[in-house]
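The file structure00.txt comes next; it holds compact mmCIF, C-alpha atoms.
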```txt
# COMPACT_ATOMS: atom_id res chain seq x y z
CA MET A 25 -11.57 -32.21 0.50
CA ALA A 26 -13.30 -29.25 -1.11
CA THR A 27 -12.69 -27.23 2.05
CA LEU A 28 -8.97 -28.08 1.99
CA VAL A 29 -8.68 -27.16 -1.70
CA GLY A 30 -10.48 -23.89 -1.07
CA ARG A 31 -8.18 -23.06 1.83
CA LEU A 32 -5.07 -23.81 -0.22
CA ASP A 33 -6.42 -21.64 -3.01
CA ARG A 34 -6.95 -18.72 -0.63
CA VAL A 35 -3.47 -19.14 0.87
CA THR A 36 -1.89 -19.26 -2.59
CA ARG A 37 -3.73 -16.16 -3.74
CA SER A 38 -2.83 -14.30 -0.56
CA THR A 39 0.84 -15.25 -0.91
CA VAL A 40 1.00 -14.19 -4.55
CA TRP A 41 -0.73 -10.92 -3.71
CA SER A 42 1.69 -10.24 -0.84
CA VAL A 43 4.73 -10.91 -3.02
CA GLN A 44 3.34 -8.56 -5.66
CA GLU A 45 2.78 -5.82 -3.06
CA TYR A 46 6.28 -6.39 -1.68
CA PHE A 47 8.00 -5.80 -5.02
CA LEU A 48 5.65 -2.91 -5.83
CA LEU A 49 6.66 -1.23 -2.57
CA ALA A 50 10.34 -1.77 -3.43
CA TRP A 51 9.88 -0.29 -6.89
CA GLN A 52 8.04 2.77 -5.59
CA ALA A 53 10.66 3.36 -2.89
CA VAL A 54 13.46 3.22 -5.47
CA ARG A 55 11.55 5.40 -7.93
CA PHE A 56 10.93 8.11 -5.33
CA THR A 57 14.69 8.32 -4.72
CA PHE A 58 14.99 10.52 -7.82
CA ALA A 59 11.85 12.61 -7.25
CA ARG A 60 11.54 15.84 -5.33
CA PRO A 61 11.25 16.74 -2.49
CA PHE A 62 14.34 15.09 -1.01
CA TYR A 63 13.98 14.40 2.71
CA ALA A 64 17.64 14.86 3.59
CA THR A 65 16.97 15.33 7.32
CA ASP A 66 15.01 12.08 7.48
CA LEU A 67 17.82 10.31 5.62
CA ALA A 68 20.42 11.58 8.09
CA GLN A 69 18.28 10.49 11.03
CA GLN A 70 17.83 7.01 9.59
CA MET A 71 21.56 6.69 8.83
CA ASP A 72 22.21 7.45 12.48
CA ALA A 73 19.56 4.96 13.67
CA ILE A 74 20.60 2.18 11.31
CA GLY A 75 24.36 2.73 11.21
CA VAL A 76 25.73 4.58 14.22
CA GLN A 77 23.39 3.05 16.78
CA SER A 78 24.10 -0.47 15.46
CA LEU A 79 27.85 -0.02 15.78
CA GLY A 80 28.13 -1.55 19.26
CA ILE A 81 26.44 -4.84 18.46
CA VAL A 82 28.35 -5.12 15.17
CA LEU A 83 31.68 -4.58 16.92
CA LEU A 84 30.92 -7.27 19.51
CA THR A 85 29.67 -9.69 16.87
CA GLY A 86 32.71 -9.20 14.65
CA LEU A 87 35.26 -9.40 17.47
CA PHE A 88 34.02 -12.64 19.00
CA THR A 89 33.27 -14.23 15.62
CA GLY A 90 36.88 -13.67 14.56
CA MET A 91 38.15 -14.98 17.89
CA VAL A 92 36.03 -18.14 17.76
CA LEU A 93 36.92 -18.69 14.11
CA ALA A 94 40.64 -18.49 14.87
CA LEU A 95 40.28 -20.73 17.91
CA GLN A 96 38.35 -23.44 16.08
CA SER A 97 40.49 -23.33 12.95
CA SER A 98 43.69 -23.61 14.99
CA VAL A 99 42.59 -27.01 16.26
CA GLN A 100 42.06 -28.32 12.73
CA LEU A 101 45.11 -26.66 11.16
CA GLU A 102 47.39 -27.87 13.94
CA THR A 103 46.70 -31.44 12.83
CA PHE A 104 48.37 -30.65 9.50
CA GLY A 105 51.02 -28.34 10.93
CA ALA A 106 49.48 -25.37 9.13
CA THR A 107 48.62 -22.98 11.95
CA GLN A 108 50.49 -20.21 10.13
CA TYR A 109 47.56 -20.02 7.70
CA ILE A 110 45.01 -18.99 10.32
CA GLY A 111 45.09 -15.41 9.02
CA ARG A 112 44.08 -16.58 5.55
CA LEU A 113 41.18 -18.61 6.87
CA VAL A 114 39.87 -15.86 9.14
CA ALA A 115 40.19 -13.14 6.49
CA GLY A 116 38.56 -15.20 3.74
CA SER A 117 35.69 -16.32 5.95
CA MET A 118 34.99 -12.88 7.40
CA ILE A 119 35.26 -10.83 4.20
CA ARG A 120 33.41 -13.16 1.87
CA GLU A 121 30.77 -14.72 4.07
CA LEU A 122 30.54 -14.28 7.83
CA GLY A 123 30.99 -10.50 7.91
CA PRO A 124 28.14 -9.63 5.52
CA VAL A 125 25.74 -12.30 6.80
CA LEU A 126 26.26 -11.65 10.52
CA ALA A 127 26.07 -7.88 10.06
CA GLY A 128 22.85 -8.34 8.09
CA LEU A 129 21.31 -10.60 10.72
CA MET A 130 22.26 -8.26 13.57
CA VAL A 131 20.83 -5.23 11.78
CA ALA A 132 17.68 -7.19 10.87
CA GLY A 133 17.15 -8.02 14.52
CA ARG A 134 17.88 -4.58 15.91
CA VAL A 135 16.82 -2.19 13.16
CA GLY A 136 14.27 -4.19 11.18
CA SER A 137 12.06 -4.83 14.17
CA GLY A 138 12.33 -1.18 15.19
CA ILE A 139 11.28 0.10 11.76
CA ALA A 140 8.35 -2.31 11.63
CA ALA A 141 7.20 -1.32 15.13
CA GLN A 142 7.54 2.39 14.38
CA LEU A 143 5.62 2.27 11.11
CA GLY A 144 3.12 -0.16 12.61
CA SER A 145 2.39 2.25 15.45
CA MET A 146 1.91 5.06 12.93
CA LYS A 147 -0.43 2.82 10.94
CA VAL A 148 -2.70 1.80 13.81
CA THR A 149 -2.85 5.38 15.17
CA GLU A 150 -3.80 6.67 11.68
CA GLN A 151 -0.76 8.93 11.37
CA ILE A 152 -0.09 7.51 7.89
CA ASP A 153 -3.63 8.39 6.85
CA ALA A 154 -2.93 11.90 8.11
CA LEU A 155 0.12 12.12 5.82
CA ASN A 156 -2.08 11.20 2.86
CA THR A 157 -4.57 13.86 3.89
CA MET A 158 -1.81 16.49 3.93
CA GLY A 159 -0.70 15.47 0.44
CA THR A 160 2.52 13.73 1.51
CA ASP A 161 3.23 10.34 0.01
CA PRO A 162 3.94 7.93 2.91
CA ILE A 163 6.26 5.78 0.81
CA LYS A 164 8.44 8.72 -0.19
CA LYS A 165 8.43 10.17 3.32
CA LEU A 166 8.80 6.98 5.36
CA VAL A 167 10.13 4.17 3.17
CA THR A 168 12.61 5.79 0.78
CA PRO A 169 14.83 7.42 3.48
CA ARG A 170 14.99 4.13 5.38
CA LEU A 171 15.85 2.21 2.22
CA LEU A 172 18.63 4.62 1.25
CA ALA A 173 20.03 4.66 4.78
CA ALA A 174 20.16 0.85 4.88
CA LEU A 175 21.80 0.67 1.44
CA ILE A 176 24.49 3.12 2.57
CA MET A 177 25.14 2.04 6.13
CA LEU A 178 25.03 -1.76 5.97
CA PRO A 179 28.13 -1.99 3.72
CA VAL A 180 29.91 0.39 6.10
CA LEU A 181 28.95 -1.75 9.09
CA THR A 182 30.13 -4.83 7.22
CA VAL A 183 33.58 -3.35 6.56
CA ILE A 184 33.88 -2.54 10.26
CA ASN A 185 32.66 -6.02 11.17
CA ASP A 186 35.22 -7.63 8.85
CA PHE A 187 38.12 -5.58 10.19
CA VAL A 188 37.22 -6.15 13.84
CA GLY A 189 36.78 -9.86 13.16
CA ILE A 190 40.25 -10.09 11.64
CA ILE A 191 41.64 -8.23 14.66
CA GLY A 192 39.86 -10.72 16.93
CA GLY A 193 41.53 -13.54 15.02
CA ASN A 194 44.88 -11.82 15.51
CA ILE A 195 44.31 -11.63 19.27
CA ILE A 196 43.74 -15.38 19.53
CA ALA A 197 46.51 -16.22 17.04
CA SER A 198 49.13 -14.24 18.97
CA ALA A 199 47.98 -14.71 22.56
CA TYR A 200 46.70 -18.31 22.49
CA ILE A 201 48.53 -19.96 19.60
CA GLY A 202 51.75 -17.94 19.66
CA LEU A 203 51.65 -16.95 16.00
CA PRO A 204 53.66 -13.76 15.29
CA THR A 205 51.46 -10.78 14.49
CA GLU A 206 53.54 -9.92 11.41
CA LEU A 207 53.04 -13.41 9.98
CA TYR A 208 49.32 -13.28 10.72
CA TRP A 209 48.77 -10.01 8.84
CA ARG A 210 50.99 -11.16 5.98
CA THR A 211 48.78 -14.20 5.45
CA VAL A 212 45.69 -11.97 5.69
CA TRP A 213 47.01 -9.88 2.82
CA GLU A 214 47.96 -13.01 0.87
CA GLN A 215 44.35 -14.19 1.15
CA ILE A 216 43.01 -10.83 -0.06
CA ALA A 217 45.48 -10.67 -2.94
CA SER A 218 44.88 -14.29 -3.98
CA GLY A 219 41.35 -13.44 -5.08
CA GLY A 220 42.63 -11.05 -7.73
CA PHE A 221 41.97 -7.37 -8.32
CA THR A 222 39.48 -5.32 -10.30
CA LEU A 223 41.03 -2.35 -12.13
CA ARG A 224 44.35 -3.44 -10.51
CA TYR A 225 43.45 -1.65 -7.26
CA ILE A 226 40.25 -3.13 -5.76
CA PRO A 227 40.50 -6.67 -4.36
CA ASN A 228 37.78 -8.95 -5.70
CA ASP A 229 37.13 -10.23 -2.19
CA PHE A 230 36.15 -6.70 -1.16
CA ILE A 231 33.73 -6.43 -4.06
CA GLN A 232 32.13 -9.74 -3.17
CA GLY A 233 31.98 -8.72 0.49
CA LEU A 234 30.27 -5.40 -0.28
CA VAL A 235 27.73 -6.54 -2.86
CA LYS A 236 26.06 -8.80 -0.32
CA PRO A 237 25.44 -6.22 2.44
CA PHE A 238 24.17 -3.75 -0.16
CA VAL A 239 21.51 -6.27 -1.18
CA PHE A 240 20.86 -7.27 2.43
CA GLY A 241 20.28 -3.64 3.37
CA GLY A 242 17.57 -3.35 0.74
CA VAL A 243 15.97 -6.61 1.88
CA ILE A 244 15.89 -5.51 5.53
CA ALA A 245 14.49 -2.04 4.84
CA ILE A 246 11.80 -3.15 2.39
CA THR A 247 10.72 -6.09 4.53
CA ALA A 248 10.46 -3.95 7.67
CA CYS A 249 8.51 -1.23 5.89
CA PHE A 250 6.27 -3.79 4.17
CA PHE A 251 5.15 -5.41 7.40
CA GLY A 252 5.00 -2.09 9.23
CA LEU A 253 2.67 -0.50 6.68
CA ARG A 254 0.42 -3.60 6.70
CA THR A 255 -0.02 -3.60 10.47
CA THR A 256 -3.55 -4.10 11.80
CA GLY A 257 -5.04 -4.96 15.17
CA GLY A 258 -3.62 -2.34 17.52
CA THR A 259 -0.62 -2.93 19.76
CA GLU A 260 -0.80 -6.71 19.31
CA GLY A 261 -0.49 -6.23 15.56
CA VAL A 262 2.59 -4.03 16.07
CA GLY A 263 4.35 -6.83 17.93
CA GLN A 264 3.38 -9.35 15.26
CA SER A 265 4.75 -7.10 12.53
CA ALA A 266 8.07 -6.74 14.34
CA THR A 267 8.35 -10.50 14.80
CA ARG A 268 7.46 -11.24 11.18
CA THR A 269 10.02 -8.70 10.03
CA VAL A 270 12.88 -10.31 11.94
CA VAL A 271 11.96 -13.85 10.86
CA THR A 272 11.32 -12.98 7.21
CA SER A 273 14.40 -10.76 6.90
CA SER A 274 16.65 -13.41 8.42
CA VAL A 275 15.33 -16.11 6.09
CA LEU A 276 15.60 -13.85 3.04
CA ILE A 277 19.18 -12.91 3.96
CA LEU A 278 20.22 -16.55 4.16
CA VAL A 279 18.44 -17.50 0.93
CA THR A 280 19.71 -14.45 -0.92
CA ASP A 281 23.23 -15.11 0.36
CA TYR A 282 23.26 -18.51 -1.31
CA PHE A 283 22.21 -17.20 -4.72
CA LEU A 284 24.55 -14.21 -4.50
CA THR A 285 27.42 -16.54 -3.63
CA GLN A 286 26.66 -18.65 -6.69
CA ILE A 287 26.60 -15.58 -8.94
CA LEU A 288 29.74 -13.97 -7.46
CA LEU A 289 31.72 -17.18 -7.65
CA ALA A 290 30.76 -17.57 -11.29
CA VAL A 291 31.82 -13.99 -12.01
CA PHE A 292 35.07 -13.78 -10.04
CA THR A 293 36.37 -17.35 -10.14
CA PRO A 294 38.89 -17.72 -12.99
```

What does this structure look like when you write it as structure tokens?
Amino acid sequence: MATLVGRLDRVTRSTVWSVQEYFLLAWQAVRFTFARPFYATDLAQQMDAIGVQSLGIVLLTGLFTGMVLALQSSVQLETFGATQYIGRLVAGSMIRELGPVLAGLMVAGRVGSGIAAQLGSMKVTEQIDALNTMGTDPIKKLVTPRLLAALIMLPVLTVINDFVGIIGGNIIASAYIGLPTELYWRTVWEQIASGGFTLRYIPNDFIQGLVKPFVFGGVIAITACFFGLRTTGGTEGVGQSATRTVVTSSVLILVTDYFLTQILLAVFTP
């Protein structure tokens, strides 16, 4: 019994310590955003790695998600004779929920694991220690550019994912169900407009759909850098860090999505 209590105590302390280090890393990465020198070249490289190189998987994910969503919803809506509202269902689902979450999960799997493996390799080969020796802060050099790139590019990827998903829904609605394209896009706009506007110009659905990926980008970047910088044990440790990054990022995205949804609904629901 004493052994079990002691083990639980060690696990609890380790967990609390890890959470503290996680938020400390996030705070330092944000703080260094406003401190010189600015690593603009590193930022551009990370924007390319996180955004441009993830475009293919995001396009495929959005297209087939929209197609499946339209196909499944048509079966249910046909029961009530309401197939003309497929555009509303696809647009609302993609913009508010599926677009941000699926883009976040795809980027977590492709980019998060890569960042963790890259930083983990630098850690076990003592390259990060070399940066400290040269007077360069590893967090400012390695973490901050990746954080900023994720914060910028994930909302962009989400917008693309949403648009392609709605196009995928249009393909199924017109080719499989026989719904006129004009009617489909009219109902898409009706769904966007029904959520109201901020400052009379910005649809509230867009705001809700962009707040989530902004937060998800920060979660992915910080989680990947956190596990990458804590890598130990050589090449085996690098693989473990990459795996932990994907699992932890995915779980955090889903949990964060729930709480963000609660907050956004409270703010934007009349």

Residue nearest A:Val131 among A:Val243, A:Ala199, A:Leu175, A:Ile74 (counting all atoms listed in the file):
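Answer, going by the shortest atom-to-atom distance: A:Ile74.
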
My list of candidates is A:Ser137, A:Asn194, A:Asn228, A:Thr149. Which is closest to A:Val271 when distances are computed with all atoms listed in the file?
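Once distances to A:Val271 are computed over all atoms listed in the file, the minimum belongs to A:Ser137.
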
Given the choices A:Leu129, A:Ala68, A:Leu122, A:Leu79, which gets closest to A:Leu93 if the distance is worked out from all atoms listed in the file?
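Going through A:Leu129, A:Ala68, A:Leu122, A:Leu79 one by one, the smallest distance to A:Leu93 is for A:Leu122.
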
Taking all atoms listed in the file into account, name the residue in A:Val40, A:Ile152, A:Ala73, A:Leu84 that is nearest to A:Gly192.
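Smallest separation from A:Gly192 among the options: A:Leu84.
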
Would you please work out which residue, of A:Thr259, A:Gln286, A:Thr293, A:Thr269, is nearest to A:Val148 when using only C-alpha atoms?
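For A:Val148, the nearest of the candidates is A:Thr259.
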
For A:Val270, list every protein, DNA or RNA residue within 7 Å, evaluated using all atoms listed in the file, and leave out those in the same chain fewer than 3 positions away; present the list as a CSV table (one decimal) with C-alpha atoms, in the frame of the given file.
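Result saved to part.csv:
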```csv
chain,number,residue,atom,x,y,z
A,132,ALA,CA,17.7,-7.2,10.9
A,133,GLY,CA,17.2,-8.0,14.5
A,136,GLY,CA,14.3,-4.2,11.2
A,137,SER,CA,12.1,-4.8,14.2
A,266,ALA,CA,8.1,-6.7,14.3
A,267,THR,CA,8.4,-10.5,14.8
A,273,SER,CA,14.4,-10.8,6.9
A,274,SER,CA,16.6,-13.4,8.4
```

Could you tell me how far atom CA of A:Thr285 sits from atom CA of A:Met91, in Å to one decimal place?
24.1 Å

What is the distance between atom CA of A:Asp66 and atom CA of A:Ile81, in Å to one decimal?
23.2 Å

Find, counting all atoms listed in the file, the residue in A:Leu101, A:Leu95, A:Val114, A:Leu276 that gets nearest to A:Phe187.
A:Val114

Polymer residues at most 12 Å from A:Gly80, all atoms listed in the file, same-chain spacing of 2 or more positions, as a VMD selection string:
chain A and resid 74 to 78 82 to 87 127 130 to 131 134 181 184 to 185 188

d(atom CA of A:Leu172, atom CA of A:Thr255) in Å:
22.4 Å

List the spatial neighbours of A:Phe230 as a PyMOL selection string - criterion: any atom at most 9 Å away, only C-alpha atoms, same-chain residues fewer than 6 positions off excluded.
chain A and resi 119-120+183+216

Store the residues picked out above, limited to C-alpha atoms, as a PDB file, in the frame of the given file.
```
ATOM      1  CA  ILE A 119      35.260 -10.830   4.200  1.00  0.00           C
ATOM      2  CA  ARG A 120      33.410 -13.160   1.870  1.00  0.00           C
ATOM      3  CA  VAL A 183      33.580  -3.350   6.560  1.00  0.00           C
ATOM      4  CA  ILE A 216      43.010 -10.830  -0.060  1.00  0.00           C
TER       5      ILE A 216
END
```

Non-local contacts of A:Gly241 (9 Å; all atoms listed in the file; under 4 positions in same chain excluded) as a ChimeraX atom specification
/A:128,131-132,171-179,236-237,245-246

Tell me, as a PyMOL selection string, which residues lie within 9 Å of stretch 250-254 of chain A, counting all atoms listed in the file; anything in the same chain fewer than 4 positions away does not count.
chain A and resi 45-46+49-50+139-147+152+167+245-246+262+264-266+268-269
